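Listing of my_file06.tsv; format and content: TSV, C-alpha atoms.
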chain	number	residue	atom	x	y	z
A	25	MET	CA	-9.46	-6.92	18.04
A	26	GLN	CA	-5.91	-6.24	16.85
A	27	GLN	CA	-4.80	-9.80	17.05
A	28	ASP	CA	-3.09	-10.92	13.84
A	29	PHE	CA	-1.23	-7.70	13.05
A	30	ALA	CA	-0.75	-5.57	16.12
A	31	THR	CA	-0.79	-7.63	19.27
A	32	SER	CA	1.42	-10.24	17.66
A	33	VAL	CA	4.16	-7.65	18.18
A	34	SER	CA	5.18	-7.72	21.82
A	35	ALA	CA	7.55	-5.19	23.30
A	36	GLU	CA	10.03	-5.55	26.11
A	37	ALA	CA	9.58	-3.11	28.98
A	38	LEU	CA	12.21	-0.43	28.56
A	39	THR	CA	13.27	2.52	30.68
A	40	GLU	CA	14.18	5.87	29.15
A	41	VAL	CA	17.62	6.96	30.40
A	42	PRO	CA	19.50	10.17	29.50
A	43	VAL	CA	22.95	9.33	28.15
A	44	SER	CA	24.53	11.23	31.04
A	45	ALA	CA	23.15	8.58	33.42
A	46	LEU	CA	24.41	5.53	31.52
A	47	ARG	CA	26.78	3.13	33.25
A	48	ILE	CA	28.84	0.13	32.23
A	49	GLY	CA	26.72	-2.98	32.58
A	50	MET	CA	23.49	-1.45	31.29
A	51	TYR	CA	21.88	-3.08	28.29
A	52	VAL	CA	20.80	-0.52	25.68
A	53	ALA	CA	17.91	-2.00	23.73
A	54	ASP	CA	17.07	1.07	21.66
A	55	LEU	CA	18.26	4.56	20.78
A	56	ASP	CA	16.59	7.88	20.04
A	57	ARG	CA	17.78	7.53	16.43
A	58	PRO	CA	18.33	4.61	14.02
A	59	TRP	CA	21.23	2.31	14.94
A	60	LEU	CA	22.60	2.71	11.41
A	61	GLU	CA	23.20	6.41	12.11
A	62	THR	CA	25.72	5.42	14.79
A	63	PRO	CA	28.95	3.38	14.70
A	64	PHE	CA	27.09	0.40	16.21
A	65	LEU	CA	26.27	-2.13	13.51
A	66	LEU	CA	23.88	-4.31	15.51
A	67	GLU	CA	20.76	-3.38	17.40
A	68	GLY	CA	21.19	-3.88	21.14
A	69	LEU	CA	24.31	-3.19	23.20
A	70	LEU	CA	25.56	-4.36	26.58
A	71	ILE	CA	27.87	-1.52	27.61
A	72	THR	CA	31.26	-2.95	28.58
A	73	THR	CA	33.73	-0.09	27.99
A	74	GLU	CA	34.10	3.64	28.56
A	75	ALA	CA	34.58	4.02	24.80
A	76	GLU	CA	31.06	2.65	24.19
A	77	LEU	CA	29.70	5.06	26.78
A	78	GLU	CA	31.41	7.99	25.10
A	79	THR	CA	30.14	6.94	21.66
A	80	LEU	CA	26.57	6.80	22.94
A	81	ARG	CA	26.95	10.25	24.52
A	82	ARG	CA	28.21	11.70	21.24
A	83	HIS	CA	25.39	10.34	19.10
A	84	CYS	CA	22.33	10.27	21.38
A	85	ARG	CA	20.46	12.36	23.93
A	86	ARG	CA	18.56	9.46	25.48
A	87	VAL	CA	18.45	5.70	25.12
A	88	TYR	CA	16.13	2.92	26.24
A	89	VAL	CA	17.55	0.42	28.70
A	90	SER	CA	16.37	-3.12	29.44
A	91	VAL	CA	16.57	-3.61	33.21
A	92	GLU	CA	16.11	-7.34	32.77
A	93	ARG	CA	19.17	-7.70	30.51
A	94	SER	CA	21.40	-5.27	32.41
A	95	ALA	CA	24.08	-6.48	34.81
A	96	GLN	CA	22.89	-7.20	38.35
A	97	ASP	CA	24.92	-4.40	39.95
A	98	VAL	CA	23.30	-1.68	37.81
A	99	LYS	CA	19.70	-2.93	37.74
A	100	GLY	CA	18.74	-0.43	40.44
A	101	ALA	CA	20.25	2.47	38.50
A	102	ALA	CA	18.31	1.41	35.40
A	103	SER	CA	15.00	0.94	37.20
A	104	PRO	CA	12.13	3.30	36.48
A	105	VAL	CA	11.99	6.57	38.39
A	106	PRO	CA	9.00	8.95	38.70
A	107	GLY	CA	8.26	10.37	35.26
A	108	ALA	CA	10.42	7.80	33.45
A	109	PHE	CA	8.86	6.07	30.47
A	110	ARG	CA	8.59	2.36	29.85
A	111	ALA	CA	7.65	1.20	26.38
A	112	PRO	CA	4.30	-0.58	26.74
A	113	ALA	CA	3.46	-4.03	25.47
A	114	GLY	CA	2.18	-3.79	21.89
A	115	PHE	CA	4.62	-1.05	20.81
A	116	ARG	CA	8.06	-1.90	19.51
A	117	HIS	CA	9.42	1.60	20.14
A	118	PRO	CA	8.48	4.49	22.41
A	119	MET	CA	7.00	7.43	20.52
A	120	GLU	CA	10.14	9.61	20.81
A	121	ARG	CA	12.18	6.77	19.32
A	122	GLU	CA	9.87	6.30	16.34
A	123	LEU	CA	9.19	9.99	15.62
A	124	PRO	CA	12.45	10.80	13.72
A	125	ARG	CA	11.96	7.87	11.34
A	126	ALA	CA	8.26	8.56	10.87
A	127	ARG	CA	8.97	12.24	10.23
A	128	ARG	CA	11.43	11.44	7.43
A	129	ASP	CA	8.90	9.14	5.76
A	130	TYR	CA	6.11	11.67	6.23
A	131	VAL	CA	8.07	14.60	4.76
A	132	GLU	CA	9.07	12.53	1.73
A	133	ALA	CA	5.49	11.32	1.30
A	134	LYS	CA	4.16	14.86	1.41
A	135	GLN	CA	6.52	15.88	-1.37
A	136	LEU	CA	5.44	12.81	-3.34
A	137	VAL	CA	1.72	13.54	-2.96
A	138	THR	CA	2.30	17.17	-3.92
A	139	ARG	CA	4.03	16.01	-7.14
A	140	LEU	CA	1.26	13.54	-7.87
A	141	LEU	CA	-1.49	16.15	-7.47
A	142	SER	CA	0.28	18.66	-9.69
A	143	ASP	CA	0.67	16.44	-12.76
A	144	GLN	CA	-2.62	15.53	-14.41
A	145	GLN	CA	-0.98	13.75	-17.32
A	146	ASN	CA	1.66	11.68	-15.56
A	147	TRP	CA	0.36	11.28	-11.99
A	148	HIS	CA	0.30	7.48	-12.38
A	149	ARG	CA	4.10	7.40	-12.69
A	150	ASN	CA	4.26	8.15	-8.98
A	151	MET	CA	2.23	5.08	-8.00
A	152	PRO	CA	5.17	2.72	-7.33
A	153	GLN	CA	6.61	5.26	-4.90
A	154	VAL	CA	3.20	5.82	-3.31
A	155	LYS	CA	2.86	2.08	-2.65
A	156	GLU	CA	6.39	1.94	-1.25
A	157	THR	CA	5.55	4.83	1.07
A	158	ILE	CA	2.47	2.97	2.29
A	159	GLN	CA	4.70	0.04	3.24
A	160	HIS	CA	7.02	2.34	5.22
A	161	PHE	CA	4.04	3.75	7.06
A	162	ALA	CA	2.83	0.23	7.90
A	163	LYS	CA	6.15	-0.53	9.59
A	164	SER	CA	6.02	2.71	11.55
A	165	ILE	CA	2.48	2.01	12.73
A	166	ILE	CA	3.58	-1.42	13.98
A	167	ALA	CA	6.44	0.23	15.88
A	168	ASN	CA	4.28	2.95	17.43
A	169	PRO	CA	1.26	4.60	15.77
A	170	ASN	CA	1.56	7.68	18.02
A	171	ALA	CA	4.43	9.05	15.89
A	172	LEU	CA	2.49	9.22	12.61
A	173	MET	CA	-0.67	10.31	14.41
A	174	TRP	CA	1.32	13.22	15.86
A	175	LEU	CA	2.53	14.22	12.39
A	176	THR	CA	-1.02	14.35	11.01
A	177	ARG	CA	-1.68	17.17	13.49
A	178	ILE	CA	0.90	19.49	11.86
A	179	LYS	CA	-1.12	21.36	9.29
A	180	HIS	CA	-0.64	24.31	6.92
A	181	LYS	CA	-3.62	26.11	5.39
A	182	ASN	CA	-1.85	26.77	2.09
A	183	GLU	CA	-0.97	23.07	1.68
A	184	TYR	CA	-4.34	21.65	2.63
A	185	THR	CA	-5.09	19.32	-0.29
A	186	ALA	CA	-1.76	17.46	-0.25
A	187	GLU	CA	-1.63	17.25	3.55
A	188	HIS	CA	-5.26	16.15	3.68
A	189	CYS	CA	-4.70	13.29	1.23
A	190	LEU	CA	-1.63	12.19	3.14
A	191	ASN	CA	-3.30	12.44	6.54
A	192	VAL	CA	-6.38	10.52	5.45
A	193	GLY	CA	-4.10	7.76	4.19
A	194	VAL	CA	-2.14	7.62	7.45
A	195	LEU	CA	-5.21	7.71	9.67
A	196	ALA	CA	-6.92	5.05	7.55
A	197	MET	CA	-3.97	2.73	8.19
A	198	ILE	CA	-3.95	3.44	11.92
A	199	PHE	CA	-7.70	2.80	12.04
A	200	ALA	CA	-7.35	-0.39	10.01
A	201	GLN	CA	-4.74	-1.64	12.48
A	202	HIS	CA	-7.11	-0.80	15.33
A	203	LEU	CA	-9.81	-2.86	13.60
A	204	GLY	CA	-7.45	-5.83	13.45
A	205	TYR	CA	-7.15	-5.98	9.67
A	206	PRO	CA	-4.28	-7.96	8.08
A	207	GLN	CA	-1.35	-6.06	6.60
A	208	ALA	CA	-2.53	-6.25	2.98
A	209	ARG	CA	-5.86	-4.70	3.95
A	210	ILE	CA	-4.16	-2.00	6.03
A	211	GLU	CA	-2.02	-1.01	3.06
A	212	GLU	CA	-5.05	-1.06	0.73
A	213	LEU	CA	-6.93	1.37	2.99
A	214	GLY	CA	-3.85	3.58	3.23
A	215	LEU	CA	-3.74	3.72	-0.55
A	216	ALA	CA	-7.47	4.47	-0.73
A	217	GLY	CA	-7.03	7.33	1.71
A	218	MET	CA	-4.04	8.82	0.00
A	219	LEU	CA	-5.77	8.76	-3.41
A	220	HIS	CA	-9.32	9.61	-2.33
A	221	ASP	CA	-9.13	13.25	-3.50
A	222	VAL	CA	-6.97	12.74	-6.57
A	223	GLY	CA	-9.81	14.12	-8.72
A	224	LYS	CA	-9.31	17.57	-7.19
A	225	MET	CA	-6.40	18.14	-9.54
A	226	ARG	CA	-9.05	18.60	-12.24
A	227	VAL	CA	-10.94	21.26	-10.27
A	228	ASP	CA	-10.07	24.93	-10.75
A	229	PRO	CA	-7.70	25.85	-7.88
A	230	ALA	CA	-9.40	29.25	-7.57
A	231	ILE	CA	-12.59	27.44	-6.57
A	232	LEU	CA	-10.84	25.12	-4.10
A	233	GLU	CA	-9.11	28.10	-2.47
A	234	LYS	CA	-12.08	30.46	-2.49
A	235	PRO	CA	-12.53	31.87	1.05
A	236	GLY	CA	-16.20	32.80	0.64
A	237	LYS	CA	-19.32	30.80	-0.06
A	238	LEU	CA	-19.34	28.90	-3.36
A	239	THR	CA	-21.94	29.57	-6.00
A	240	ALA	CA	-24.20	26.70	-7.04
A	241	GLN	CA	-22.15	26.25	-10.22
A	242	GLU	CA	-18.86	26.26	-8.30
A	243	TYR	CA	-20.19	23.71	-5.84
A	244	GLN	CA	-21.14	21.41	-8.70
A	245	GLN	CA	-17.56	21.63	-9.99
A	246	VAL	CA	-16.21	20.69	-6.58
A	247	LYS	CA	-18.60	17.76	-6.30
A	248	ALA	CA	-17.39	16.51	-9.69
A	249	HIS	CA	-13.97	15.67	-8.19
A	250	VAL	CA	-15.21	12.28	-7.00
A	251	LEU	CA	-16.18	11.15	-10.50
A	252	GLU	CA	-13.02	12.68	-11.98
A	253	GLY	CA	-10.92	10.82	-9.43
A	254	TYR	CA	-12.71	7.53	-10.09
A	255	ALA	CA	-12.17	7.91	-13.84
A	256	MET	CA	-8.47	8.52	-13.28
A	257	LEU	CA	-7.98	5.58	-10.92
A	258	ALA	CA	-10.06	3.28	-13.14
A	259	GLU	CA	-7.28	3.51	-15.73
A	260	ASP	CA	-4.79	1.81	-13.39
A	261	PRO	CA	-5.23	-2.00	-13.45
A	262	THR	CA	-2.97	-2.41	-10.40
A	263	LEU	CA	-5.44	-0.69	-8.09
A	264	SER	CA	-8.20	-2.67	-6.37
A	265	ASP	CA	-11.88	-1.91	-6.86
A	266	GLU	CA	-12.08	-0.83	-3.20
A	267	VAL	CA	-9.45	1.87	-3.75
A	268	LYS	CA	-11.26	3.13	-6.84
A	269	THR	CA	-14.77	3.11	-5.36
A	270	ALA	CA	-13.57	4.78	-2.15
A	271	SER	CA	-12.48	7.72	-4.32
A	272	ARG	CA	-15.92	7.88	-5.93
A	273	ASP	CA	-18.07	7.18	-2.86
A	274	HIS	CA	-16.36	8.90	0.10
A	275	HIS	CA	-18.90	11.76	-0.01
A	276	GLU	CA	-21.87	9.41	-0.08
A	277	ARG	CA	-23.82	9.19	3.20
A	278	ILE	CA	-25.57	6.13	4.55
A	279	ASN	CA	-28.94	7.93	4.68
A	280	GLY	CA	-28.70	8.75	0.97
A	281	GLU	CA	-27.95	12.48	1.37
A	282	GLY	CA	-24.46	12.36	-0.12
A	283	TYR	CA	-23.10	12.57	-3.65
A	284	PRO	CA	-22.56	11.79	-6.52
A	285	TYR	CA	-25.36	9.20	-6.62
A	286	GLY	CA	-27.14	9.46	-3.29
A	287	LYS	CA	-26.30	5.88	-2.36
A	288	THR	CA	-27.38	4.42	0.98
A	289	GLY	CA	-25.41	2.39	3.49
A	290	ASN	CA	-26.00	-1.08	2.04
A	291	GLU	CA	-24.79	0.17	-1.36
A	292	LEU	CA	-21.42	1.36	-0.04
A	293	GLY	CA	-18.24	-0.63	0.39
A	294	GLN	CA	-16.40	-0.80	3.73
A	295	ALA	CA	-13.44	1.21	2.42
A	296	ALA	CA	-15.71	4.05	1.28
A	297	LYS	CA	-17.42	4.13	4.69
A	298	ILE	CA	-14.06	4.27	6.47
A	299	ILE	CA	-12.59	6.95	4.22
A	300	ALA	CA	-15.77	9.04	4.58
A	301	ILE	CA	-15.32	9.18	8.37
A	302	ILE	CA	-11.61	9.96	8.25
A	303	ASP	CA	-12.02	12.51	5.45
A	304	ALA	CA	-14.53	14.40	7.61
A	305	TYR	CA	-12.39	14.14	10.76
A	306	ASP	CA	-9.24	15.51	9.14
A	307	ALA	CA	-11.16	18.28	7.37
A	308	ILE	CA	-12.81	19.42	10.62
A	309	THR	CA	-9.48	19.49	12.48
A	310	SER	CA	-7.71	21.40	9.67
A	311	GLU	CA	-7.56	25.15	9.06
A	312	ARG	CA	-9.03	25.81	5.63
A	313	VAL	CA	-9.51	29.00	3.65
A	314	TYR	CA	-13.14	29.16	4.74
A	315	SER	CA	-13.04	27.69	8.27
A	316	GLU	CA	-10.90	27.49	11.40
A	317	ALA	CA	-9.52	24.20	12.69
A	318	ARG	CA	-11.51	22.63	15.52
A	319	PRO	CA	-10.09	20.54	18.38
A	320	PRO	CA	-10.06	16.74	17.94
A	321	ASP	CA	-12.65	16.15	20.66
A	322	GLU	CA	-15.09	18.50	18.92
A	323	ALA	CA	-14.53	16.73	15.59
A	324	LEU	CA	-15.22	13.37	17.22
A	325	ARG	CA	-18.37	14.80	18.80
A	326	ILE	CA	-19.58	15.93	15.37
A	327	LEU	CA	-18.94	12.47	13.93
A	328	TYR	CA	-20.74	10.83	16.82
A	329	GLN	CA	-23.77	13.07	16.36
A	330	ALA	CA	-23.84	12.12	12.66
A	331	ARG	CA	-23.59	8.38	13.31
A	332	ASN	CA	-26.27	6.24	11.71
A	333	GLN	CA	-27.22	9.21	9.52
A	334	HIS	CA	-24.17	10.28	7.56
A	335	PHE	CA	-21.70	7.70	8.82
A	336	ASP	CA	-21.77	4.02	9.78
A	337	GLU	CA	-22.46	3.89	13.52
A	338	ALA	CA	-20.22	0.96	14.43
A	339	LEU	CA	-17.30	2.42	12.47
A	340	VAL	CA	-17.73	5.85	14.09
A	341	VAL	CA	-17.63	4.32	17.56
A	342	SER	CA	-14.54	2.28	16.67
A	343	PHE	CA	-12.85	5.33	15.15
A	344	ILE	CA	-13.43	7.34	18.34
A	345	GLU	CA	-11.88	4.47	20.31
A	346	CYS	CA	-8.92	4.47	17.91
A	347	ILE	CA	-8.22	8.21	17.95
A	348	GLY	CA	-9.05	8.75	21.60
A	349	ILE	CA	-10.41	11.89	23.20
A	350	TYR	CA	-6.85	13.14	23.74
A	351	PRO	CA	-4.90	12.14	20.60
A	352	PRO	CA	-1.19	12.91	20.12
A	353	GLY	CA	-0.77	16.58	19.25
A	354	ALA	CA	-3.81	17.80	21.19
A	355	ILE	CA	-3.17	20.94	23.28
A	356	VAL	CA	-4.63	20.46	26.75
A	357	GLU	CA	-5.06	22.27	30.06
A	358	LEU	CA	-4.53	20.18	33.20
A	359	ASN	CA	-6.51	20.48	36.41
A	360	ASN	CA	-3.57	22.28	38.03
A	361	GLY	CA	-3.73	25.00	35.36
A	362	MET	CA	-0.65	23.90	33.40
A	363	ILE	CA	-0.76	23.78	29.61
A	364	GLY	CA	0.79	20.97	27.62
A	365	ILE	CA	0.57	18.91	24.48
A	366	VAL	CA	-0.23	15.21	24.29
A	367	ILE	CA	2.82	13.20	23.28
A	368	SER	CA	1.30	9.74	23.18
A	369	LYS	CA	-1.56	7.64	24.43
A	370	GLU	CA	-0.66	4.20	25.65
A	371	PRO	CA	-2.73	0.99	25.62
A	372	GLY	CA	-5.22	0.97	28.46
A	373	GLN	CA	-4.62	4.63	29.34
A	374	ARG	CA	-6.68	6.54	26.77
A	375	LEU	CA	-7.83	9.16	29.30
A	376	ARG	CA	-4.42	9.56	30.95
A	377	PRO	CA	-1.81	10.08	28.20
A	378	ARG	CA	1.76	11.35	28.41
A	379	ILE	CA	1.99	15.14	28.27
A	380	ARG	CA	4.83	17.52	27.43
A	381	ILE	CA	4.27	20.50	29.76
A	382	LEU	CA	4.89	23.83	28.01
A	383	LEU	CA	3.37	26.45	30.35
A	384	ASP	CA	3.03	26.48	34.14
A	385	GLU	CA	-0.16	27.30	36.05
A	386	HIS	CA	0.50	31.02	35.43
A	387	LYS	CA	0.80	30.33	31.67
A	388	THR	CA	4.52	31.08	31.79
A	389	PRO	CA	6.91	28.95	29.67
A	390	ILE	CA	8.44	26.13	31.66
A	391	ALA	CA	11.63	24.12	31.24
A	392	GLU	CA	11.37	20.75	29.50
A	393	MET	CA	9.04	18.55	31.53
A	394	THR	CA	7.10	15.42	30.64
A	395	VAL	CA	4.43	13.85	32.83
A	396	ASP	CA	2.66	10.51	32.57
A	397	LEU	CA	-0.89	11.14	33.77
A	398	SER	CA	-1.34	7.45	34.52
A	399	ARG	CA	1.15	7.84	37.37
A	400	GLU	CA	1.25	11.50	38.41
A	401	GLU	CA	-0.70	12.95	41.33
A	402	LEU	CA	-1.25	16.41	42.80
A	403	PRO	CA	0.13	17.35	46.24
A	404	ASP	CA	-3.21	16.40	47.85
A	405	ASP	CA	-2.91	12.90	46.32
A	406	SER	CA	-5.72	13.59	43.85
A	407	PRO	CA	-4.99	12.53	40.25
A	408	LEU	CA	-3.41	14.96	37.82
A	409	LYS	CA	-5.73	14.93	34.82
A	410	ILE	CA	-6.84	16.83	31.75
A	411	ARG	CA	-9.40	19.57	32.38
A	412	ARG	CA	-10.10	20.43	28.74
A	413	VAL	CA	-8.79	20.30	25.18
A	414	LEU	CA	-7.82	23.67	23.70
A	415	PRO	CA	-8.14	24.82	20.08
A	416	PRO	CA	-5.10	24.36	17.79
A	417	GLY	CA	-2.59	27.20	18.21
A	418	SER	CA	-3.77	28.14	21.71
A	419	HIS	CA	-1.28	30.20	23.73
A	420	GLY	CA	0.83	30.52	20.59
A	421	ILE	CA	1.83	26.85	20.75
A	422	SER	CA	3.33	25.69	17.46
A	423	MET	CA	3.33	22.00	16.59
A	424	GLU	CA	6.57	22.40	14.64
A	425	THR	CA	8.31	23.95	17.66
A	426	VAL	CA	7.15	21.18	19.98
A	427	MET	CA	8.20	18.54	17.48
A	428	ARG	CA	11.73	19.95	17.46
A	429	LEU	CA	11.80	19.50	21.23
A	430	LEU	CA	10.87	15.85	20.82
A	431	LEU	CA	13.42	15.06	18.10

Transcribe the structure of this file into structure tokens.
Amino acid sequence: MQQDFATSVSAEALTEVPVSALRIGMYVADLDRPWLETPFLLEGLLITTEAELETLRRHCRRVYVSVERSAQDVKGAASPVPGAFRAPAGFRHPMERELPRARRDYVEAKQLVTRLLSDQQNWHRNMPQVKETIQHFAKSIIANPNALMWLTRIKHKNEYTAEHCLNVGVLAMIFAQHLGYPQARIEELGLAGMLHDVGKMRVDPAILEKPGKLTAQEYQQVKAHVLEGYAMLAEDPTLSDEVKTASRDHHERINGEGYPYGKTGNELGQAAKIIAIIDAYDAITSERVYSEARPPDEALRILYQARNQHFDEALVVSFIECIGIYPPGAIVELNNGMIGIVISKEPGQRLRPRIRILLDEHKTPIAEMTVDLSREELPDDSPLKIRRVLPPGSHGISMETVMRLLL
């Protein structure tokens, strides 16, 4: 499915090595930070001197070694060990390698979207930067989509609208890559997602932030945001019709029960159908003034139950395949009682992701420990696996705190 954009990128098998274990003769193919943030000017380094070793130890915590390109006498030392991570085919970088770059782009994009949504008169001046941001996200998704998917799980109730627009844009791009769309289409869907709620800047904030049930009049004002957004985007000749109509139609439902026009499935464009699914998913998994955040698996279950009624059935099924039951950032309990958070899901291992363990079986904090469920077993040789997904914030687990551990 992902042939012309994703699987064309092949990745060399790499082994994660702490800098304390590096030796002369090892070939360092990647770092845990950009190469340009170190004295090394070129990407890739065959370690030949103690000075290079010392430089790596000063600037990095871990690196990614190519066993194949390392010297023969250190191949054994660079070989995978239990719990070590090898970057899978299809990803250019392991998740921990991509996360710092993705986080910088995400933080800047959030500030950009916040500015855009706060300036009714001059919002369009931000469009060149928005499009540039979309291009940065596309590169990150090629490298490893787990990093940006992780960042969409960090949510703040008092920043919902800006984060929601940003997250819908990111998830739309990840989904478009999963569907095998070409790069131009991926970026178009990212733009549609990021701008889908732009009309909310013309809705009274007191209504958007009201914790109780809306009156009929207030609900009509909220519903008007889709037409307001379409009118705003229609003024920009650089935006495609798909981007504009996705803003207008993302609350339409294929059975005709949506708004503003009650359109049915055959009257809706593909972008609007995609944004409708992702808009609902991110809203369900976010804490809002009037509802608690629900776990990703519950949100996917809700979407699945609404397939062929509110949402396009084939797209819902594909979206569930894309996100996975255990997406990055999900808090999970393992069958040995330990609590952890999903770091990344790798190709072919959707039910057995990599987990950062945070609490032991007694729910006591544990020292840094990462397990790959595709390879770990319990003492009785039975597989170590996920027992259940827990609600966001369970056991006091903070996404921001865990992210700092990963950086």

Nearby residues, (-17.9, 7.3, -5.6) file frame, 7 Å, only C-alpha atoms, as a PDB file with C-alpha atoms, in the frame of the given file:
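The result, stored in out.pdb:
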ATOM      1  CA  VAL A 250     -15.210  12.280  -7.000  1.00  0.00           C
ATOM      2  CA  LEU A 251     -16.180  11.150 -10.500  1.00  0.00           C
ATOM      3  CA  TYR A 254     -12.710   7.530 -10.090  1.00  0.00           C
ATOM      4  CA  THR A 269     -14.770   3.110  -5.360  1.00  0.00           C
ATOM      5  CA  ALA A 270     -13.570   4.780  -2.150  1.00  0.00           C
ATOM      6  CA  SER A 271     -12.480   7.720  -4.320  1.00  0.00           C
ATOM      7  CA  ARG A 272     -15.920   7.880  -5.930  1.00  0.00           C
ATOM      8  CA  ASP A 273     -18.070   7.180  -2.860  1.00  0.00           C
ATOM      9  CA  HIS A 274     -16.360   8.900   0.100  1.00  0.00           C
ATOM     10  CA  PRO A 284     -22.560  11.790  -6.520  1.00  0.00           C
TER      11      PRO A 284
END

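Computed from the coordinates, the CA of Phe335 in chain A to CA of Pro235 in chain A distance equals 27.0 Å.
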
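Of the listed residues A:Ile165, A:Leu136, A:Ile381, A:Ala240, the one whose atoms come nearest to Pro152 in chain A is A:Leu136, with distances taken using all atoms listed in the file.
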
> Around (-20.2, 12.9, -7.1) in the file's own coordinates, what residues are found within 9 Å if you use all atoms listed in the file, given back as a ChimeraX atom specification?
Replying inline: /A:244,246-252,272-273,275-276,282-286

>> Report, in Å with one decimal, the straight-line distance from CA of Asn191 in chain A to CA of Pro415 in chain A.
In response: 19.0 Å
